[in-house]
>>> print(open('model.pdb').read())   # PDB, C-alpha atoms, pLDDT in the B column
ATOM      1  CA  MET X   1      15.626 -28.366  -4.968  1.00 82.00           C
ATOM      2  CA  ASP X   2      12.919 -30.759  -3.794  1.00 87.00           C
ATOM      3  CA  VAL X   3       9.593 -29.048  -3.001  1.00 88.00           C
ATOM      4  CA  PHE X   4       9.678 -30.040   0.675  1.00 89.00           C
ATOM      5  CA  ASP X   5      13.254 -28.754   0.891  1.00 87.00           C
ATOM      6  CA  ALA X   6      12.018 -25.435  -0.511  1.00 88.00           C
ATOM      7  CA  VAL X   7       9.247 -25.362   2.107  1.00 87.00           C
ATOM      8  CA  LYS X   8      11.822 -25.950   4.869  1.00 87.00           C
ATOM      9  CA  ALA X   9      14.326 -23.447   3.418  1.00 85.00           C
ATOM     10  CA  ARG X  10      11.851 -20.622   2.817  1.00 86.00           C
ATOM     11  CA  ARG X  11      12.075 -17.731   5.229  1.00 87.00           C
ATOM     12  CA  SER X  12      10.953 -14.133   5.253  1.00 88.00           C
ATOM     13  CA  VAL X  13      13.831 -12.082   3.869  1.00 90.00           C
ATOM     14  CA  ARG X  14      13.916  -8.395   4.764  1.00 89.00           C
ATOM     15  CA  ALA X  15      17.383  -7.434   3.476  1.00 89.00           C
ATOM     16  CA  TYR X  16      18.144  -7.673  -0.241  1.00 92.00           C
ATOM     17  CA  ASP X  17      21.174  -7.388  -2.484  1.00 90.00           C
ATOM     18  CA  SER X  18      20.752  -4.935  -5.367  1.00 88.00           C
ATOM     19  CA  LYS X  19      21.605  -7.666  -7.917  1.00 92.00           C
ATOM     20  CA  PRO X  20      18.859  -7.791 -10.547  1.00 94.00           C
ATOM     21  CA  ILE X  21      16.831 -10.947 -11.077  1.00 97.00           C
ATOM     22  CA  PRO X  22      17.442 -12.469 -14.516  1.00 97.00           C
ATOM     23  CA  ARG X  23      14.346 -12.234 -16.717  1.00 97.00           C
ATOM     24  CA  ASP X  24      14.162 -15.995 -17.312  1.00 97.00           C
ATOM     25  CA  ILE X  25      14.047 -16.652 -13.555  1.00 98.00           C
ATOM     26  CA  LEU X  26      11.431 -13.931 -13.011  1.00 98.00           C
ATOM     27  CA  ASP X  27       9.345 -15.426 -15.843  1.00 98.00           C
ATOM     28  CA  LYS X  28       9.641 -18.885 -14.259  1.00 98.00           C
ATOM     29  CA  ILE X  29       8.407 -17.490 -10.919  1.00 98.00           C
ATOM     30  CA  LEU X  30       5.466 -15.739 -12.596  1.00 98.00           C
ATOM     31  CA  GLU X  31       4.678 -18.916 -14.563  1.00 98.00           C
ATOM     32  CA  ALA X  32       4.517 -20.825 -11.265  1.00 97.00           C
ATOM     33  CA  GLY X  33       1.813 -18.392 -10.173  1.00 97.00           C
ATOM     34  CA  ARG X  34      -0.052 -18.768 -13.437  1.00 98.00           C
ATOM     35  CA  LEU X  35      -0.097 -22.551 -13.073  1.00 98.00           C
ATOM     36  CA  ALA X  36      -1.675 -22.449  -9.605  1.00 98.00           C
ATOM     37  CA  PRO X  37      -5.076 -24.044  -9.072  1.00 97.00           C
ATOM     38  CA  SER X  38      -8.097 -21.832  -8.486  1.00 97.00           C
ATOM     39  CA  ALA X  39     -11.739 -22.370  -7.610  1.00 97.00           C
ATOM     40  CA  GLY X  40     -13.597 -23.301 -10.786  1.00 96.00           C
ATOM     41  CA  SER X  41     -10.364 -22.589 -12.689  1.00 96.00           C
ATOM     42  CA  ILE X  42     -11.466 -18.941 -12.819  1.00 96.00           C
ATOM     43  CA  GLN X  43      -7.902 -17.711 -12.159  1.00 97.00           C
ATOM     44  CA  PRO X  44      -9.087 -14.432 -10.616  1.00 97.00           C
ATOM     45  CA  TRP X  45      -5.630 -12.930 -10.323  1.00 98.00           C
ATOM     46  CA  HIS X  46      -3.473 -10.289 -11.858  1.00 98.00           C
ATOM     47  CA  PHE X  47       0.129  -9.658 -10.861  1.00 98.00           C
ATOM     48  CA  ILE X  48       1.913  -6.336 -11.239  1.00 98.00           C
ATOM     49  CA  VAL X  49       5.705  -6.561 -11.295  1.00 98.00           C
ATOM     50  CA  VAL X  50       7.239  -3.404  -9.849  1.00 97.00           C
ATOM     51  CA  THR X  51      10.949  -2.803 -10.477  1.00 96.00           C
ATOM     52  CA  GLU X  52      11.176   0.994 -10.688  1.00 95.00           C
ATOM     53  CA  ALA X  53      13.015   2.371  -7.666  1.00 94.00           C
ATOM     54  CA  VAL X  54      10.630   5.321  -7.191  1.00 96.00           C
ATOM     55  CA  LYS X  55       7.574   3.050  -7.116  1.00 95.00           C
ATOM     56  CA  ARG X  56       9.241   0.587  -4.759  1.00 94.00           C
ATOM     57  CA  GLU X  57      10.085   3.506  -2.476  1.00 94.00           C
ATOM     58  CA  GLN X  58       6.435   4.594  -2.499  1.00 93.00           C
ATOM     59  CA  LEU X  59       5.323   1.033  -1.701  1.00 93.00           C
ATOM     60  CA  ALA X  60       7.871   0.944   1.153  1.00 91.00           C
ATOM     61  CA  ARG X  61       6.308   4.073   2.657  1.00 90.00           C
ATOM     62  CA  GLY X  62       2.840   2.520   2.532  1.00 84.00           C
ATOM     63  CA  GLY X  63       3.149   0.346   5.597  1.00 81.00           C
ATOM     64  CA  ARG X  64       4.987   0.097   8.860  1.00 81.00           C
ATOM     65  CA  PHE X  65       6.327  -3.372   8.036  1.00 84.00           C
ATOM     66  CA  ALA X  66       7.097  -2.664   4.384  1.00 87.00           C
ATOM     67  CA  ARG X  67      10.045  -0.288   4.689  1.00 88.00           C
ATOM     68  CA  PHE X  68      12.558  -2.779   3.299  1.00 89.00           C
ATOM     69  CA  LEU X  69      10.698  -2.917  -0.058  1.00 92.00           C
ATOM     70  CA  VAL X  70      12.969  -0.095  -1.196  1.00 91.00           C
ATOM     71  CA  GLU X  71      15.845  -2.648  -1.177  1.00 91.00           C
ATOM     72  CA  SER X  72      13.979  -5.439  -2.913  1.00 94.00           C
ATOM     73  CA  PRO X  73      14.738  -5.310  -6.654  1.00 96.00           C
ATOM     74  CA  VAL X  74      11.260  -6.672  -7.458  1.00 97.00           C
ATOM     75  CA  VAL X  75       7.906  -6.309  -5.749  1.00 97.00           C
ATOM     76  CA  ILE X  76       5.044  -8.405  -7.056  1.00 98.00           C
ATOM     77  CA  VAL X  77       1.628  -6.956  -6.297  1.00 97.00           C
ATOM     78  CA  GLY X  78      -0.965  -9.733  -6.170  1.00 98.00           C
ATOM     79  CA  CYS X  79      -4.455  -8.587  -7.079  1.00 98.00           C
ATOM     80  CA  GLY X  80      -7.688 -10.557  -7.046  1.00 98.00           C
ATOM     81  CA  ASP X  81     -10.812 -10.074  -9.117  1.00 98.00           C
ATOM     82  CA  LYS X  82     -13.599  -9.882  -6.551  1.00 95.00           C
ATOM     83  CA  LYS X  83     -16.293  -9.824  -9.255  1.00 96.00           C
ATOM     84  CA  ALA X  84     -15.030 -12.917 -11.063  1.00 96.00           C
ATOM     85  CA  SER X  85     -14.714 -14.946  -7.864  1.00 97.00           C
ATOM     86  CA  PRO X  86     -16.268 -13.080  -4.909  1.00 95.00           C
ATOM     87  CA  ASN X  87     -15.849 -15.937  -2.438  1.00 96.00           C
ATOM     88  CA  TRP X  88     -12.455 -17.299  -3.421  1.00 97.00           C
ATOM     89  CA  TYR X  89     -10.278 -14.600  -4.996  1.00 97.00           C
ATOM     90  CA  VAL X  90      -8.191 -14.076  -1.817  1.00 97.00           C
ATOM     91  CA  VAL X  91      -7.488 -17.803  -1.410  1.00 98.00           C
ATOM     92  CA  ASP X  92      -6.721 -18.225  -5.110  1.00 98.00           C
ATOM     93  CA  VAL X  93      -4.288 -15.284  -5.192  1.00 98.00           C
ATOM     94  CA  ALA X  94      -2.599 -16.594  -2.040  1.00 98.00           C
ATOM     95  CA  ILE X  95      -2.159 -20.056  -3.598  1.00 98.00           C
ATOM     96  CA  ALA X  96      -0.639 -18.521  -6.741  1.00 98.00           C
ATOM     97  CA  MET X  97       1.707 -16.321  -4.720  1.00 98.00           C
ATOM     98  CA  GLN X  98       2.811 -19.263  -2.575  1.00 97.00           C
ATOM     99  CA  ASN X  99       3.699 -21.109  -5.798  1.00 97.00           C
ATOM    100  CA  MET X 100       5.852 -18.084  -6.652  1.00 98.00           C
ATOM    101  CA  VAL X 101       7.457 -18.072  -3.187  1.00 97.00           C
ATOM    102  CA  LEU X 102       8.452 -21.740  -3.389  1.00 97.00           C
ATOM    103  CA  THR X 103       9.744 -21.393  -6.934  1.00 97.00           C
ATOM    104  CA  ALA X 104      11.780 -18.341  -5.926  1.00 97.00           C
ATOM    105  CA  THR X 105      13.223 -20.277  -2.986  1.00 96.00           C
ATOM    106  CA  GLY X 106      14.212 -23.085  -5.340  1.00 96.00           C
ATOM    107  CA  GLU X 107      16.040 -20.519  -7.477  1.00 96.00           C
ATOM    108  CA  GLY X 108      18.027 -19.174  -4.506  1.00 94.00           C
ATOM    109  CA  LEU X 109      15.933 -16.023  -4.111  1.00 96.00           C
ATOM    110  CA  GLY X 110      14.434 -14.604  -0.955  1.00 95.00           C
ATOM    111  CA  THR X 111      10.860 -13.430  -0.524  1.00 96.00           C
ATOM    112  CA  CYS X 112       8.655 -11.815   2.065  1.00 95.00           C
ATOM    113  CA  TRP X 113       4.879 -11.576   2.086  1.00 95.00           C
ATOM    114  CA  ILE X 114       3.724  -8.039   2.808  1.00 94.00           C
ATOM    115  CA  GLY X 115       0.279  -7.277   4.169  1.00 92.00           C
ATOM    116  CA  SER X 116       1.293  -3.862   5.465  1.00 89.00           C
ATOM    117  CA  PHE X 117       0.146  -1.473   2.740  1.00 93.00           C
ATOM    118  CA  LYS X 118      -2.507   1.130   2.014  1.00 93.00           C
ATOM    119  CA  GLU X 119      -4.599  -0.401  -0.711  1.00 95.00           C
ATOM    120  CA  ARG X 120      -6.031   2.860  -2.022  1.00 95.00           C
ATOM    121  CA  GLN X 121      -2.535   4.305  -2.492  1.00 95.00           C
ATOM    122  CA  VAL X 122      -1.247   1.136  -4.180  1.00 96.00           C
ATOM    123  CA  LYS X 123      -4.247   1.052  -6.517  1.00 97.00           C
ATOM    124  CA  GLU X 124      -3.840   4.730  -7.456  1.00 96.00           C
ATOM    125  CA  MET X 125      -0.085   4.480  -8.016  1.00 96.00           C
ATOM    126  CA  LEU X 126      -0.302   1.327 -10.148  1.00 97.00           C
ATOM    127  CA  ARG X 127      -3.615   2.209 -11.838  1.00 97.00           C
ATOM    128  CA  VAL X 128      -5.321  -0.945 -10.588  1.00 97.00           C
ATOM    129  CA  PRO X 129      -8.931  -1.130 -11.840  1.00 96.00           C
ATOM    130  CA  ASN X 130     -11.856  -1.128  -9.386  1.00 94.00           C
ATOM    131  CA  ASN X 131     -12.789  -4.771  -9.951  1.00 95.00           C
ATOM    132  CA  LEU X 132      -9.420  -5.826  -8.489  1.00 97.00           C
ATOM    133  CA  THR X 133      -8.439  -5.882  -4.823  1.00 97.00           C
ATOM    134  CA  VAL X 134      -4.807  -5.780  -3.735  1.00 98.00           C
ATOM    135  CA  VAL X 135      -4.392  -8.980  -1.722  1.00 98.00           C
ATOM    136  CA  SER X 136      -0.679  -8.938  -0.943  1.00 97.00           C
ATOM    137  CA  LEU X 137       2.710  -7.611  -1.929  1.00 97.00           C
ATOM    138  CA  LEU X 138       5.665  -9.938  -2.369  1.00 97.00           C
ATOM    139  CA  ALA X 139       9.250  -8.757  -1.981  1.00 96.00           C
ATOM    140  CA  LEU X 140      11.589 -10.716  -4.243  1.00 97.00           C
ATOM    141  CA  GLY X 141      15.356 -10.653  -4.566  1.00 96.00           C
ATOM    142  CA  TYR X 142      18.690 -12.155  -3.616  1.00 95.00           C
ATOM    143  CA  PRO X 143      19.138 -12.123   0.163  1.00 93.00           C
ATOM    144  CA  LYS X 144      21.808  -9.722   1.388  1.00 87.00           C
ATOM    145  CA  SER X 145      24.466 -11.883   2.987  1.00 74.00           C
ATOM    146  CA  ASP X 146      26.376  -9.182   4.843  1.00 54.00           C
ATOM    147  CA  ARG X 147      23.460  -7.785   6.830  1.00 55.00           C
ATOM    148  CA  ARG X 148      21.677  -9.583   9.584  1.00 52.00           C
ATOM    149  CA  ASP X 149      17.902  -9.672   9.630  1.00 59.00           C
ATOM    150  CA  LEU X 150      17.518  -8.812  13.309  1.00 62.00           C
ATOM    151  CA  LEU X 151      13.719  -8.620  13.235  1.00 61.00           C
ATOM    152  CA  GLY X 152      13.481 -12.052  11.628  1.00 61.00           C
ATOM    153  CA  LYS X 153      15.937 -13.533  14.135  1.00 63.00           C
ATOM    154  CA  MET X 154      14.036 -12.011  17.065  1.00 63.00           C
ATOM    155  CA  ILE X 155      10.725 -13.367  15.804  1.00 64.00           C
ATOM    156  CA  LYS X 156      12.231 -16.856  15.428  1.00 64.00           C
ATOM    157  CA  LEU X 157      13.529 -16.735  19.007  1.00 70.00           C
ATOM    158  CA  ILE X 158      10.256 -15.499  20.448  1.00 75.00           C
ATOM    159  CA  ARG X 159       7.871 -17.522  18.307  1.00 72.00           C
ATOM    160  CA  LYS X 160       9.131 -21.004  17.545  1.00 79.00           C
ATOM    161  CA  LYS X 161       7.206 -23.127  15.050  1.00 76.00           C
ATOM    162  CA  LYS X 162       4.459 -25.069  16.781  1.00 81.00           C
ATOM    163  CA  SER X 163       4.613 -28.864  16.846  1.00 82.00           C
ATOM    164  CA  LEU X 164       2.236 -30.991  14.789  1.00 83.00           C
ATOM    165  CA  LYS X 165       0.491 -32.051  18.018  1.00 85.00           C
ATOM    166  CA  GLU X 166      -0.396 -28.405  18.651  1.00 83.00           C
ATOM    167  CA  ILE X 167      -1.904 -27.736  15.246  1.00 73.00           C
ATOM    168  CA  VAL X 168      -3.366 -31.030  13.977  1.00 85.00           C
ATOM    169  CA  SER X 169      -6.441 -32.953  15.099  1.00 84.00           C
ATOM    170  CA  PHE X 170      -7.835 -36.142  13.618  1.00 86.00           C
ATOM    171  CA  GLU X 171     -11.524 -36.559  12.788  1.00 83.00           C
ATOM    172  CA  GLU X 172     -12.563 -33.803  15.221  1.00 86.00           C
ATOM    173  CA  TYR X 173     -10.982 -30.869  17.009  1.00 85.00           C
ATOM    174  CA  GLY X 174      -8.646 -31.892  19.808  1.00 83.00           C
ATOM    175  CA  LYS X 175      -8.442 -35.587  18.949  1.00 81.00           C
ATOM    176  CA  SER X 176      -4.935 -36.972  18.488  1.00 82.00           C
ATOM    177  CA  SER X 177      -3.940 -39.853  16.228  1.00 75.00           C
ATOM    178  CA  SER X 178      -3.117 -41.950  19.326  1.00 73.00           C
ATOM    179  CA  GLU X 179      -6.696 -41.511  20.541  1.00 67.00           C
ATOM    180  CA  LEU X 180      -7.917 -42.801  17.173  1.00 62.00           C
ATOM    181  CA  ALA X 181      -5.791 -45.929  17.523  1.00 64.00           C
ATOM    182  CA  LYS X 182      -7.533 -46.759  20.831  1.00 69.00           C
ATOM    183  CA  GLU X 183     -11.006 -46.728  19.238  1.00 65.00           C
TER     184      GLU X 183
END
>>> encode(input="model.pdb", output="structure tokens")
Amino acid sequence: MDVFDAVKARRSVRAYDSKPIPRDILDKILEAGRLAPSAGSIQPWHFIVVTEAVKREQLARGGRFARFLVESPVVIVGCGDKKASPNWYVVDVAIAMQNMVLTATGEGLGTCWIGSFKERQVKEMLRVPNNLTVVSLLALGYPKSDRRDLLGKMIKLIRKKKSLKEIVSFEEYGKSSSELAKE
């Protein structure tokens, strides 16, 4: 799959099949994260792969919008080293996780970013050291085809993607490319 096709195909999946992810595909997804750029090439990230059902259930209870994690066969916990890169660890972890998301999409897997969690509980459960901050959780698995994602469908109906005109300015805020052509 072309990268832009993966960007267009990616969606937040909240219903997963129980089919396990083959190890070679999981390794490829993790490798995509490892290869991500980072400020100063510090690579201030650490990823914890959670597959145990009991731990996924605990993660699912940690946030209002995380309940479906119990279905996801894999949850990747993205942590950033705030001491190694105090100003950029969040951005760097997010870039690495987006590499994982796009690679997973290319492999026919679904993902969903999760920001709904209690960091202290996640850190205690997974024994995350103090120098690391939990930045995000990532649900990963094969989308369940027989169950509709009603929340996702409702969000798409209510909040359509904005047009480029609404989100892009040229040279300064609020200036369109047609205004540039007139100058």
>>> closest_residue(input="model.pdb", among="X:Glu172, X:Glu57, X:Glu107, X:Asp81", to="X:Val122", atoms="only C-alpha atoms")
X:Glu57
>>> atom_distance(input="model.pdb", atom1="atom CA of X:His46", atom2="atom CA of X:Pro86")
14.8 Å
>>> atom_distance(input="model.pdb", atom1="atom CA of X:Phe4", atom2="atom CA of X:Ala104")
13.6 Å
>>> atom_distance(input="model.pdb", atom1="atom CA of X:Thr111", atom2="atom CA of X:Gly40")
28.3 Å
>>> residues_around(input="model.pdb", residues="X:Ala60", least_positions_apart="5", cutoff="9 Å", atoms="only C-alpha atoms", output="list in words")
Lys55, Phe65, Ala66, Arg67, Phe68, Leu69, Val70 and Phe117 of chain X
>>> residues_around(input="model.pdb", residues="X:Val50", least_positions_apart="4", cutoff="10 Å", atoms="all atoms listed in the file", output="ChimeraX atom specification")
/X:54-56,59,72-77,126,139
>>> build_atoms(input="model.pdb", residues="stretch 28-58 of chain X", atoms="N, CA and C atoms", output="PDB file, keeping the file's coordinate frame")
ATOM      1  N   LYS X  28       9.924 -17.573 -14.841  1.00 98.00           N
ATOM      2  CA  LYS X  28       9.641 -18.885 -14.259  1.00 98.00           C
ATOM      3  C   LYS X  28       8.803 -18.731 -12.983  1.00 98.00           C
ATOM      4  N   ILE X  29       9.142 -17.750 -12.165  1.00 98.00           N
ATOM      5  CA  ILE X  29       8.407 -17.490 -10.919  1.00 98.00           C
ATOM      6  C   ILE X  29       6.972 -17.064 -11.231  1.00 98.00           C
ATOM      7  N   LEU X  30       6.807 -16.181 -12.196  1.00 98.00           N
ATOM      8  CA  LEU X  30       5.466 -15.739 -12.596  1.00 98.00           C
ATOM      9  C   LEU X  30       4.663 -16.891 -13.211  1.00 98.00           C
ATOM     10  N   GLU X  31       5.335 -17.741 -13.967  1.00 98.00           N
ATOM     11  CA  GLU X  31       4.678 -18.916 -14.563  1.00 98.00           C
ATOM     12  C   GLU X  31       4.186 -19.862 -13.460  1.00 98.00           C
ATOM     13  N   ALA X  32       4.944 -19.992 -12.391  1.00 97.00           N
ATOM     14  CA  ALA X  32       4.517 -20.825 -11.265  1.00 97.00           C
ATOM     15  C   ALA X  32       3.210 -20.296 -10.677  1.00 97.00           C
ATOM     16  N   GLY X  33       3.068 -18.985 -10.627  1.00 97.00           N
ATOM     17  CA  GLY X  33       1.813 -18.392 -10.173  1.00 97.00           C
ATOM     18  C   GLY X  33       0.683 -18.656 -11.140  1.00 97.00           C
ATOM     19  N   ARG X  34       0.965 -18.538 -12.410  1.00 98.00           N
ATOM     20  CA  ARG X  34      -0.052 -18.768 -13.437  1.00 98.00           C
ATOM     21  C   ARG X  34      -0.581 -20.194 -13.396  1.00 98.00           C
ATOM     22  N   LEU X  35       0.279 -21.135 -13.075  1.00 98.00           N
ATOM     23  CA  LEU X  35      -0.097 -22.551 -13.073  1.00 98.00           C
ATOM     24  C   LEU X  35      -0.843 -22.994 -11.814  1.00 98.00           C
ATOM     25  N   ALA X  36      -1.009 -22.100 -10.857  1.00 98.00           N
ATOM     26  CA  ALA X  36      -1.675 -22.449  -9.605  1.00 98.00           C
ATOM     27  C   ALA X  36      -3.135 -22.842  -9.837  1.00 98.00           C
ATOM     28  N   PRO X  37      -3.655 -23.713  -8.981  1.00 97.00           N
ATOM     29  CA  PRO X  37      -5.076 -24.044  -9.072  1.00 97.00           C
ATOM     30  C   PRO X  37      -5.921 -22.887  -8.542  1.00 97.00           C
ATOM     31  N   SER X  38      -7.160 -22.841  -8.997  1.00 97.00           N
ATOM     32  CA  SER X  38      -8.097 -21.832  -8.486  1.00 97.00           C
ATOM     33  C   SER X  38      -9.499 -22.418  -8.524  1.00 97.00           C
ATOM     34  N   ALA X  39     -10.353 -21.891  -7.680  1.00 97.00           N
ATOM     35  CA  ALA X  39     -11.739 -22.370  -7.610  1.00 97.00           C
ATOM     36  C   ALA X  39     -12.399 -22.223  -8.977  1.00 97.00           C
ATOM     37  N   GLY X  40     -12.927 -23.323  -9.488  1.00 96.00           N
ATOM     38  CA  GLY X  40     -13.597 -23.301 -10.786  1.00 96.00           C
ATOM     39  C   GLY X  40     -12.668 -22.947 -11.935  1.00 96.00           C
ATOM     40  N   SER X  41     -11.380 -22.980 -11.706  1.00 96.00           N
ATOM     41  CA  SER X  41     -10.364 -22.589 -12.689  1.00 96.00           C
ATOM     42  C   SER X  41     -10.612 -21.185 -13.246  1.00 96.00           C
ATOM     43  N   ILE X  42     -11.154 -20.313 -12.402  1.00 96.00           N
ATOM     44  CA  ILE X  42     -11.466 -18.941 -12.819  1.00 96.00           C
ATOM     45  C   ILE X  42     -10.194 -18.104 -12.938  1.00 96.00           C
ATOM     46  N   GLN X  43      -9.176 -18.431 -12.143  1.00 97.00           N
ATOM     47  CA  GLN X  43      -7.902 -17.711 -12.159  1.00 97.00           C
ATOM     48  C   GLN X  43      -8.121 -16.197 -11.976  1.00 97.00           C
ATOM     49  N   PRO X  44      -8.703 -15.828 -10.833  1.00 97.00           N
ATOM     50  CA  PRO X  44      -9.087 -14.432 -10.616  1.00 97.00           C
ATOM     51  C   PRO X  44      -7.937 -13.543 -10.145  1.00 97.00           C
ATOM     52  N   TRP X  45      -6.803 -13.659 -10.782  1.00 98.00           N
ATOM     53  CA  TRP X  45      -5.630 -12.930 -10.323  1.00 98.00           C
ATOM     54  C   TRP X  45      -5.021 -12.076 -11.422  1.00 98.00           C
ATOM     55  N   HIS X  46      -4.311 -11.099 -10.981  1.00 98.00           N
ATOM     56  CA  HIS X  46      -3.473 -10.289 -11.858  1.00 98.00           C
ATOM     57  C   HIS X  46      -2.280  -9.860 -11.018  1.00 98.00           C
ATOM     58  N   PHE X  47      -1.093  -9.973 -11.590  1.00 98.00           N
ATOM     59  CA  PHE X  47       0.129  -9.658 -10.861  1.00 98.00           C
ATOM     60  C   PHE X  47       0.835  -8.487 -11.532  1.00 98.00           C
ATOM     61  N   ILE X  48       1.199  -7.505 -10.736  1.00 98.00           N
ATOM     62  CA  ILE X  48       1.913  -6.336 -11.239  1.00 98.00           C
ATOM     63  C   ILE X  48       3.339  -6.425 -10.715  1.00 98.00           C
ATOM     64  N   VAL X  49       4.286  -6.472 -11.638  1.00 98.00           N
ATOM     65  CA  VAL X  49       5.705  -6.561 -11.295  1.00 98.00           C
ATOM     66  C   VAL X  49       6.259  -5.143 -11.230  1.00 98.00           C
ATOM     67  N   VAL X  50       6.734  -4.761 -10.062  1.00 97.00           N
ATOM     68  CA  VAL X  50       7.239  -3.404  -9.849  1.00 97.00           C
ATOM     69  C   VAL X  50       8.754  -3.485  -9.659  1.00 97.00           C
ATOM     70  N   THR X  51       9.485  -2.829 -10.570  1.00 96.00           N
ATOM     71  CA  THR X  51      10.949  -2.803 -10.477  1.00 96.00           C
ATOM     72  C   THR X  51      11.496  -1.379 -10.367  1.00 96.00           C
ATOM     73  N   GLU X  52      10.712  -0.389 -10.738  1.00 95.00           N
ATOM     74  CA  GLU X  52      11.176   0.994 -10.688  1.00 95.00           C
ATOM     75  C   GLU X  52      11.439   1.421  -9.246  1.00 95.00           C
ATOM     76  N   ALA X  53      12.595   1.985  -9.019  1.00 94.00           N
ATOM     77  CA  ALA X  53      13.015   2.371  -7.666  1.00 94.00           C
ATOM     78  C   ALA X  53      12.036   3.344  -7.007  1.00 94.00           C
ATOM     79  N   VAL X  54      11.539   4.316  -7.754  1.00 96.00           N
ATOM     80  CA  VAL X  54      10.630   5.321  -7.191  1.00 96.00           C
ATOM     81  C   VAL X  54       9.335   4.656  -6.719  1.00 96.00           C
ATOM     82  N   LYS X  55       8.812   3.735  -7.503  1.00 95.00           N
ATOM     83  CA  LYS X  55       7.574   3.050  -7.116  1.00 95.00           C
ATOM     84  C   LYS X  55       7.806   2.129  -5.927  1.00 95.00           C
ATOM     85  N   ARG X  56       8.939   1.450  -5.902  1.00 94.00           N
ATOM     86  CA  ARG X  56       9.241   0.587  -4.759  1.00 94.00           C
ATOM     87  C   ARG X  56       9.388   1.408  -3.483  1.00 94.00           C
ATOM     88  N   GLU X  57       9.954   2.599  -3.624  1.00 94.00           N
ATOM     89  CA  GLU X  57      10.085   3.506  -2.476  1.00 94.00           C
ATOM     90  C   GLU X  57       8.709   3.932  -1.971  1.00 94.00           C
ATOM     91  N   GLN X  58       7.795   4.225  -2.895  1.00 93.00           N
ATOM     92  CA  GLN X  58       6.435   4.594  -2.499  1.00 93.00           C
ATOM     93  C   GLN X  58       5.728   3.427  -1.818  1.00 93.00           C
TER      94      GLN X  58
END
